[in-house]
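Beneath this line is the structure, given in structure tokens, with notes to follow.
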Amino acid sequence: MQHTQYDAVVVGAGPNGLAAAVTLAQQGRSVVIFEAADTIGGGSRTAELTLPGFHHDVCSAIHPLGMASPFFRALPLSRHGLKWIQPNASLAHPLDDGTAVLLSRDMQTTVDGLASDGAAYRRLLNPFVLNWQPLLDEILGPLRPPRHPFLMARFALLAIRSARGLASSRFKSERTQALFAGLGAHSMMPLDSMLTSAFGIMLGSLAHAVGWPMAAGGSQSIPAALADYLDAMGVEIVTRRRIQSLDDLPQAKAVLLNTAPNQLSQIAGSQLPTGYLRKLKRYRYGPGVFKVDWALDAPIPWTARQCLEAGTVHVGGTMEEIVAAEGAVGQGDHPERPFIILAQHSLFDSSRAPEGKHTAWGYCHVPNGSIVDMTARIEAQIERFAPGFGDRILGRHTRNSVDMEAYNANYVGGDINAGIPDLRQVFTRPLPRLSPYTTPLRDLYLCSSATPPGGGVHGMCGYHAARVALKRSLR
Ligand SMILES: Cc1cc2nc3c(=O)[nH]c(=O)nc-3n(C[C@H](O)[C@H](O)[C@H](O)COP(=O)(O)OP(=O)(O)OC[C@H]3O[C@@H](n4cnc5c(N)ncnc54)[C@H](O)[C@@H]3O)c2cc1C
């Protein structure tokens, strides 16, 4: 550390911590960041998890929100090394008849592939595809009266519904229903739950509006670009420094925690009112994940060859199967046939694997804190749509939910969103306050994905928290 006193200290060098630091440094404030791990990046890191030369995204892998984020878009990240790669198609969803539904960047191509549901699909998503920027400004913005009330009313009326309810009412074919259910399952909530449609509509619209890109060289390139920019602005980053108490920090006018609420209690507990701590304890975390990374001898042998066009593949069959899998997780069970979100980077980014070899990345949802090994169930699901997959595996690396939390303390019980994004919690996380980034300590803020707008690599939580800190503590 170069100084004993700073304008602001940020605890945690995840995408939101880095975004907070950027926002503060851009306003000329002195900032230091402390990161517990050896490297920066939080949930956006890349590592040789399986065999030498195979570069796997440890957590985040596909970045529609990163690409669309109003904050990232305003930064010169390409000058600091970030390059997005767009797969030929955003998403493929294979089915048992040997075909796949393809979500292409081009609306017409997607509509053509949906046959009789094509027109209904276009009617549902097109208003949001055409207005994606104002929509995102609202959804990723601070809670306030909408600036685009008609657009938001239209979105809200659909988004509030369950993904299963909306898909059943809008689409006739099993294929389109399966596609929408897979998108809705990114909510990590049972698909009968309110608000799961919001995820389907947002991710579907972004697939057409900006695509579902991956970062060239690995997701680590995103925090690396942010850190390079921070370095140019003179911000210090100290790694291998786990903060356990506010007393561990140098003097600063503002402290921003890129942590989950449980660590807010631990780090500042002795100074926070007991009523606030009691309420924080009741914060609800969502299901965990079980993740597998594979080193492969060749691409995945999908029966539906179109799957090789897509960066992401949803492996789980029909809507009813996905509903059952996610419903089981919601009940605290481990589904026999889990729904898997799979990414195949090396098909589009040759830097991820040695020549001729490939990587695959996949995870399924499991109950919070699960230690059940889901490898065989996940691989059986992939084998179902890609017979011979098992023969191509050269190496694998797995992490259950408890391992996930050990890897990154923000994934409490393996919850990669740092809290359930349901109606009761999504807008007011971690607790209802005029500004959710503030705490009862005037100059202490929370800036992680446990604040609005929530999970994903977009930096918006950090950006909003830093803006509040600038107004309150750093005028
Ligand atoms: C398997 C998996 C798949 C995912 N897929 C995607 C995806 O494809 N696309 C996407 O957009 N998002 C994805 N995500 C979610 C995404 O990774 C997170 O939403 C995002 O990283 C949250 O950013 P953050 O900055 O709030 O927190 P984090 O990225 O979790 O960063 C928090 C940082 O703070 C550090 N820290 C915590 N406590 C302390 C302490 N006491 N002292 C010092 N440092 C501390 C941690 O070590 C960590 O580096 C995925 C996550 C996982 C696990």
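Starting from 1 in every chain, residues are counted up; chains themselves are A, B, ... following the order of the structure tokens, and ligands are numbered from 1 as listed.
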From stretch 246-352 of chain A, collect each residue whose DSSP state is strand (DSSP E) and return the set as a PyMOL selection string.
chain A and resi 251-257+288-296+310-315+340-343
Using the selection just defined, write its residues with C-alpha atoms as a PDB file, in the first residue's frame.
ATOM      1  CA  GLN A 251      -8.400   5.181   7.038  1.00  0.00           C
ATOM      2  CA  ALA A 252     -10.949   6.127   4.391  1.00  0.00           C
ATOM      3  CA  LYS A 253     -13.969   8.355   3.982  1.00  0.00           C
ATOM      4  CA  ALA A 254     -15.994   5.511   2.476  1.00  0.00           C
ATOM      5  CA  VAL A 255     -15.809   1.704   2.574  1.00  0.00           C
ATOM      6  CA  LEU A 256     -17.554  -0.389  -0.082  1.00  0.00           C
ATOM      7  CA  LEU A 257     -17.962  -4.116   0.504  1.00  0.00           C
ATOM      8  CA  GLY A 288     -26.483 -23.707  -5.210  1.00  0.00           C
ATOM      9  CA  VAL A 289     -24.778 -25.088  -8.289  1.00  0.00           C
ATOM     10  CA  PHE A 290     -22.794 -28.196  -9.157  1.00  0.00           C
ATOM     11  CA  LYS A 291     -20.275 -27.384 -11.862  1.00  0.00           C
ATOM     12  CA  VAL A 292     -18.187 -29.546 -14.203  1.00  0.00           C
ATOM     13  CA  ASP A 293     -15.439 -28.489 -16.609  1.00  0.00           C
ATOM     14  CA  TRP A 294     -14.242 -30.913 -19.239  1.00  0.00           C
ATOM     15  CA  ALA A 295     -11.124 -31.207 -21.367  1.00  0.00           C
ATOM     16  CA  LEU A 296     -12.226 -32.947 -24.568  1.00  0.00           C
ATOM     17  CA  ALA A 310     -24.051 -22.130 -30.486  1.00  0.00           C
ATOM     18  CA  GLY A 311     -21.852 -20.872 -27.641  1.00  0.00           C
ATOM     19  CA  THR A 312     -24.435 -22.008 -25.079  1.00  0.00           C
ATOM     20  CA  VAL A 313     -26.512 -25.192 -25.053  1.00  0.00           C
ATOM     21  CA  HIS A 314     -29.466 -25.824 -22.740  1.00  0.00           C
ATOM     22  CA  VAL A 315     -29.541 -29.535 -21.919  1.00  0.00           C
ATOM     23  CA  ILE A 340     -27.770 -28.103 -17.509  1.00  0.00           C
ATOM     24  CA  ILE A 341     -26.460 -24.796 -18.811  1.00  0.00           C
ATOM     25  CA  LEU A 342     -23.491 -25.710 -20.986  1.00  0.00           C
ATOM     26  CA  ALA A 343     -20.966 -23.531 -22.825  1.00  0.00           C
TER      27      ALA A 343
END
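For stretch 406-412 of chain A, the list of residues within 6 Å, based on only C-alpha atoms and with local chain neighbours fewer than 4 positions off taken out, reads Thr259, Ala260, Ile416 and Ala418 of chain A.
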Selection to disk with all heavy atoms, as an mmCIF file, in the first residue's frame:
data_model
loop_
_atom_site.group_PDB
_atom_site.id
_atom_site.type_symbol
_atom_site.label_atom_id
_atom_site.label_comp_id
_atom_site.auth_asym_id
_atom_site.auth_seq_id
_atom_site.Cartn_x
_atom_site.Cartn_y
_atom_site.Cartn_z
ATOM 1 N N THR A 259 -19.144 -7.848 -0.997
ATOM 2 C CA THR A 259 -19.329 -9.139 -0.315
ATOM 3 C C THR A 259 -20.813 -9.469 -0.211
ATOM 4 O O THR A 259 -21.665 -8.610 -0.436
ATOM 5 C CB THR A 259 -18.771 -9.090 1.121
ATOM 6 O OG1 THR A 259 -19.613 -8.215 1.886
ATOM 7 C CG2 THR A 259 -17.342 -8.583 1.180
ATOM 8 N N ALA A 260 -21.085 -10.707 0.177
ATOM 9 C CA ALA A 260 -22.466 -11.101 0.453
ATOM 10 C C ALA A 260 -22.874 -10.517 1.817
ATOM 11 O O ALA A 260 -22.010 -10.134 2.614
ATOM 12 C CB ALA A 260 -22.576 -12.615 0.455
ATOM 13 N N ILE A 416 -24.927 -18.625 -6.740
ATOM 14 C CA ILE A 416 -24.068 -17.781 -7.581
ATOM 15 C C ILE A 416 -24.662 -16.380 -7.787
ATOM 16 O O ILE A 416 -24.026 -15.516 -8.367
ATOM 17 C CB ILE A 416 -23.793 -18.446 -8.945
ATOM 18 C CG1 ILE A 416 -25.067 -18.581 -9.778
ATOM 19 C CG2 ILE A 416 -23.152 -19.799 -8.744
ATOM 20 C CD1 ILE A 416 -24.821 -19.153 -11.170
ATOM 21 N N ALA A 418 -25.903 -14.593 -5.136
ATOM 22 C CA ALA A 418 -25.836 -13.915 -3.822
ATOM 23 C C ALA A 418 -27.219 -13.522 -3.312
ATOM 24 O O ALA A 418 -27.418 -12.426 -2.780
ATOM 25 C CB ALA A 418 -24.906 -12.704 -3.877
#
Within 7 Å of ligand 1, counting only C-alpha atoms and all ligand atoms: which residues, as number ranges by chain?
A: 11-17, 34-37, 40-44, 58-63, 65-66, 241-244, 258-259, 263, 289, 291, 363, 404, 408-411, 416-417, 447-450, 455-459
List the spatial neighbours of A:Met194 as a list in words - criterion: any atom at most 8 Å away, only C-alpha atoms, same-chain residues fewer than 3 positions off excluded.
Ile160, Arg161, Ser162, Ala163, Ser197, Asp422 and Leu423 of chain A
Give me the residues near A:Gly356 as a CSV table (one decimal) with N, CA and C atoms, in the first residue's frame, where near means some atom within 12 Å (using only C-alpha atoms) and where sequence neighbours in that chain fewer than 5 positions away do not count.
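Final file, out-v4.csv:
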chain,number,residue,atom,x,y,z
A,53,GLY,N,-2.9,-26.3,-20.7
A,53,GLY,CA,-3.3,-25.8,-22.0
A,53,GLY,C,-4.8,-25.7,-22.2
A,54,PHE,N,-5.6,-26.2,-21.3
A,54,PHE,CA,-7.1,-26.1,-21.3
A,54,PHE,C,-7.5,-25.0,-20.4
A,295,ALA,N,-12.1,-31.3,-20.3
A,295,ALA,CA,-11.1,-31.2,-21.4
A,295,ALA,C,-11.5,-32.3,-22.3
A,296,LEU,N,-11.7,-32.0,-23.6
A,296,LEU,CA,-12.2,-32.9,-24.6
A,296,LEU,C,-11.3,-33.2,-25.7
A,297,ASP,N,-11.3,-34.4,-26.2
A,297,ASP,CA,-10.5,-34.8,-27.4
A,297,ASP,C,-11.0,-34.2,-28.7
A,298,ALA,N,-12.3,-33.8,-28.7
A,298,ALA,CA,-13.0,-33.4,-29.9
A,298,ALA,C,-14.2,-32.6,-29.5
A,299,PRO,N,-14.9,-31.9,-30.4
A,299,PRO,CA,-16.1,-31.2,-30.0
A,299,PRO,C,-17.2,-32.2,-29.5
A,346,SER,N,-14.3,-23.3,-26.9
A,346,SER,CA,-13.2,-23.6,-27.8
A,346,SER,C,-13.7,-23.7,-29.2
A,347,LEU,N,-15.0,-23.9,-29.5
A,347,LEU,CA,-15.4,-23.9,-30.8
A,347,LEU,C,-15.3,-22.6,-31.5
A,349,ASP,N,-13.3,-19.9,-29.8
A,349,ASP,CA,-12.1,-19.2,-29.3
A,349,ASP,C,-11.0,-20.3,-29.2
A,350,SER,N,-10.1,-20.3,-30.2
A,350,SER,CA,-9.1,-21.4,-30.2
A,350,SER,C,-8.1,-21.2,-29.1
A,351,SER,N,-8.0,-20.1,-28.4
A,351,SER,CA,-7.0,-19.9,-27.3
A,351,SER,C,-7.4,-20.8,-26.1
Can you list, as a ChimeraX atom specification, every protein, DNA or RNA residue that comes within 8 Å of A:Gly332 when you count only C-alpha atoms, leaving out same-chain residues fewer than 3 positions away?
/A:328-329,366-368
Would you export the selected residues with N, CA, C and O atoms as a PDB file, in the first residue's frame, please?
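Output file result-v2.pdb follows:
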ATOM      1  N   ALA A 328     -37.839 -29.620  -8.393  1.00  0.00           N
ATOM      2  CA  ALA A 328     -37.217 -30.524  -7.410  1.00  0.00           C
ATOM      3  C   ALA A 328     -36.176 -29.767  -6.596  1.00  0.00           C
ATOM      4  O   ALA A 328     -36.133 -29.873  -5.362  1.00  0.00           O
ATOM      5  N   VAL A 329     -35.359 -28.975  -7.277  1.00  0.00           N
ATOM      6  CA  VAL A 329     -34.323 -28.212  -6.561  1.00  0.00           C
ATOM      7  C   VAL A 329     -34.985 -27.268  -5.553  1.00  0.00           C
ATOM      8  O   VAL A 329     -34.551 -27.159  -4.401  1.00  0.00           O
ATOM      9  N   VAL A 366     -28.674 -27.113  -7.687  1.00  0.00           N
ATOM     10  CA  VAL A 366     -28.839 -28.100  -6.602  1.00  0.00           C
ATOM     11  C   VAL A 366     -29.280 -27.326  -5.355  1.00  0.00           C
ATOM     12  O   VAL A 366     -29.137 -26.099  -5.322  1.00  0.00           O
ATOM     13  N   PRO A 367     -29.786 -28.023  -4.336  1.00  0.00           N
ATOM     14  CA  PRO A 367     -30.162 -27.294  -3.117  1.00  0.00           C
ATOM     15  C   PRO A 367     -28.962 -26.569  -2.502  1.00  0.00           C
ATOM     16  O   PRO A 367     -27.822 -27.027  -2.633  1.00  0.00           O
ATOM     17  N   ASN A 368     -29.242 -25.439  -1.828  1.00  0.00           N
ATOM     18  CA  ASN A 368     -28.187 -24.648  -1.203  1.00  0.00           C
ATOM     19  C   ASN A 368     -27.377 -25.519  -0.242  1.00  0.00           C
ATOM     20  O   ASN A 368     -27.924 -26.253   0.567  1.00  0.00           O
TER      21      ASN A 368
END
Got a sec: who's within 10 Å of A:Leu130, counting only C-alpha atoms, leaving out chain neighbours fewer than 3 positions off, as an MDAnalysis selection string?
chainID A and resid 125:127 133:135 205 208:209
Residues from the last selection, N, CA and C atoms, saved as an mmCIF file, in the first residue's frame:
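The resulting file, again.cif, is shown below:
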data_model
loop_
_atom_site.group_PDB
_atom_site.id
_atom_site.type_symbol
_atom_site.label_atom_id
_atom_site.label_comp_id
_atom_site.auth_asym_id
_atom_site.auth_seq_id
_atom_site.Cartn_x
_atom_site.Cartn_y
_atom_site.Cartn_z
ATOM 1 N N LEU A 125 -41.187 -10.895 -28.080
ATOM 2 C CA LEU A 125 -39.861 -10.319 -27.803
ATOM 3 C C LEU A 125 -39.530 -9.041 -28.564
ATOM 4 N N ASN A 126 -40.104 -8.890 -29.747
ATOM 5 C CA ASN A 126 -39.661 -7.786 -30.603
ATOM 6 C C ASN A 126 -39.744 -6.399 -29.954
ATOM 7 N N PRO A 127 -40.818 -6.091 -29.200
ATOM 8 C CA PRO A 127 -40.871 -4.753 -28.584
ATOM 9 C C PRO A 127 -39.669 -4.507 -27.670
ATOM 10 N N GLN A 133 -32.124 -0.806 -25.150
ATOM 11 C CA GLN A 133 -31.309 0.110 -24.339
ATOM 12 C C GLN A 133 -32.124 0.808 -23.242
ATOM 13 N N PRO A 134 -33.278 1.438 -23.598
ATOM 14 C CA PRO A 134 -34.083 2.018 -22.506
ATOM 15 C C PRO A 134 -34.553 0.957 -21.507
ATOM 16 N N LEU A 135 -34.860 -0.245 -22.018
ATOM 17 C CA LEU A 135 -35.309 -1.304 -21.102
ATOM 18 C C LEU A 135 -34.210 -1.639 -20.091
ATOM 19 N N SER A 205 -34.404 -11.469 -25.394
ATOM 20 C CA SER A 205 -34.279 -10.195 -26.114
ATOM 21 C C SER A 205 -32.809 -9.843 -26.346
ATOM 22 N N HIS A 208 -30.987 -11.404 -29.296
ATOM 23 C CA HIS A 208 -31.168 -10.735 -30.592
ATOM 24 C C HIS A 208 -30.522 -9.350 -30.613
ATOM 25 N N ALA A 209 -30.608 -8.662 -29.484
ATOM 26 C CA ALA A 209 -30.143 -7.264 -29.461
ATOM 27 C C ALA A 209 -28.620 -7.162 -29.471
#
A:Leu195 environment, 10 Å, only C-alpha atoms, sequence neighbours closer than 3 positions dropped, as a VMD selection string
chain A and resid 156 to 163 184 187 189 191 to 192 198 to 200 421 to 423 426
Identify all residues of stretch 59-218 of chain A in helix (DSSP H, G or I) (DSSP on the backbone) and supply them as a PyMOL selection string.
chain A and resi 64-68+70-73+77-80+107-113+115-130+132-139+149-159+163-170+174-187+196-209
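Relative to atom CA of A:Asp57, atom CA of A:Leu75 is found at 22.9 Å.
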Contacts of stretch 74-178 of chain A with stretch 375-393 of chain A up to 10 Å, shortest pair per row, only C-alpha atoms, as JSON lines:
{"residue": "A:His93", "atom": "CA", "partner": "A:Phe385", "partner_atom": "CA", "distance": 9.8}
{"residue": "A:Pro94", "atom": "CA", "partner": "A:Phe385", "partner_atom": "CA", "distance": 6.6}
{"residue": "A:Leu95", "atom": "CA", "partner": "A:Phe385", "partner_atom": "CA", "distance": 7.1}
{"residue": "A:Asp96", "atom": "CA", "partner": "A:Phe385", "partner_atom": "CA", "distance": 6.8}
{"residue": "A:Asp97", "atom": "CA", "partner": "A:Phe385", "partner_atom": "CA", "distance": 9.2}
{"residue": "A:Gly98", "atom": "CA", "partner": "A:Phe385", "partner_atom": "CA", "distance": 7.3}
{"residue": "A:Thr99", "atom": "CA", "partner": "A:Phe385", "partner_atom": "CA", "distance": 9.3}
{"residue": "A:Ala100", "atom": "CA", "partner": "A:Phe385", "partner_atom": "CA", "distance": 9.6}
Residues from last step as file, N, CA, C and O atoms, as a PDB file, in the first residue's frame:
ATOM      1  N   HIS A  93     -30.963 -25.593 -28.176  1.00  0.00           N
ATOM      2  CA  HIS A  93     -31.702 -26.379 -27.185  1.00  0.00           C
ATOM      3  C   HIS A  93     -32.069 -27.711 -27.850  1.00  0.00           C
ATOM      4  O   HIS A  93     -33.052 -27.791 -28.592  1.00  0.00           O
ATOM      5  N   PRO A  94     -31.259 -28.756 -27.626  1.00  0.00           N
ATOM      6  CA  PRO A  94     -31.530 -30.036 -28.290  1.00  0.00           C
ATOM      7  C   PRO A  94     -32.723 -30.772 -27.691  1.00  0.00           C
ATOM      8  O   PRO A  94     -33.015 -30.626 -26.503  1.00  0.00           O
ATOM      9  N   LEU A  95     -33.379 -31.556 -28.547  1.00  0.00           N
ATOM     10  CA  LEU A  95     -34.546 -32.330 -28.107  1.00  0.00           C
ATOM     11  C   LEU A  95     -34.354 -33.801 -28.468  1.00  0.00           C
ATOM     12  O   LEU A  95     -33.455 -34.153 -29.257  1.00  0.00           O
ATOM     13  N   ASP A  96     -35.224 -34.660 -27.920  1.00  0.00           N
ATOM     14  CA  ASP A  96     -35.020 -36.102 -28.086  1.00  0.00           C
ATOM     15  C   ASP A  96     -35.231 -36.591 -29.523  1.00  0.00           C
ATOM     16  O   ASP A  96     -34.802 -37.689 -29.864  1.00  0.00           O
ATOM     17  N   ASP A  97     -35.904 -35.779 -30.344  1.00  0.00           N
ATOM     18  CA  ASP A  97     -36.110 -36.243 -31.728  1.00  0.00           C
ATOM     19  C   ASP A  97     -34.879 -36.002 -32.608  1.00  0.00           C
ATOM     20  O   ASP A  97     -34.927 -36.173 -33.825  1.00  0.00           O
ATOM     21  N   GLY A  98     -33.780 -35.570 -31.994  1.00  0.00           N
ATOM     22  CA  GLY A  98     -32.538 -35.391 -32.754  1.00  0.00           C
ATOM     23  C   GLY A  98     -32.404 -34.026 -33.385  1.00  0.00           C
ATOM     24  O   GLY A  98     -31.418 -33.754 -34.066  1.00  0.00           O
ATOM     25  N   THR A  99     -33.375 -33.151 -33.136  1.00  0.00           N
ATOM     26  CA  THR A  99     -33.272 -31.779 -33.652  1.00  0.00           C
ATOM     27  C   THR A  99     -32.915 -30.839 -32.500  1.00  0.00           C
ATOM     28  O   THR A  99     -32.890 -31.257 -31.339  1.00  0.00           O
ATOM     29  N   ALA A 100     -32.683 -29.581 -32.868  1.00  0.00           N
ATOM     30  CA  ALA A 100     -32.439 -28.569 -31.827  1.00  0.00           C
ATOM     31  C   ALA A 100     -33.150 -27.287 -32.222  1.00  0.00           C
ATOM     32  O   ALA A 100     -33.279 -26.977 -33.405  1.00  0.00           O
TER      33      ALA A 100
END
A:Leu434, A:Met67, A:Leu444, A:Leu183 ranked by distance to A:Ala167, top pick (using only C-alpha atoms):
A:Leu183
Report, in Å to a single decimal, how far apart atom CA of A:Pro223 and atom CA of A:Ser30 are.
19.3 Å
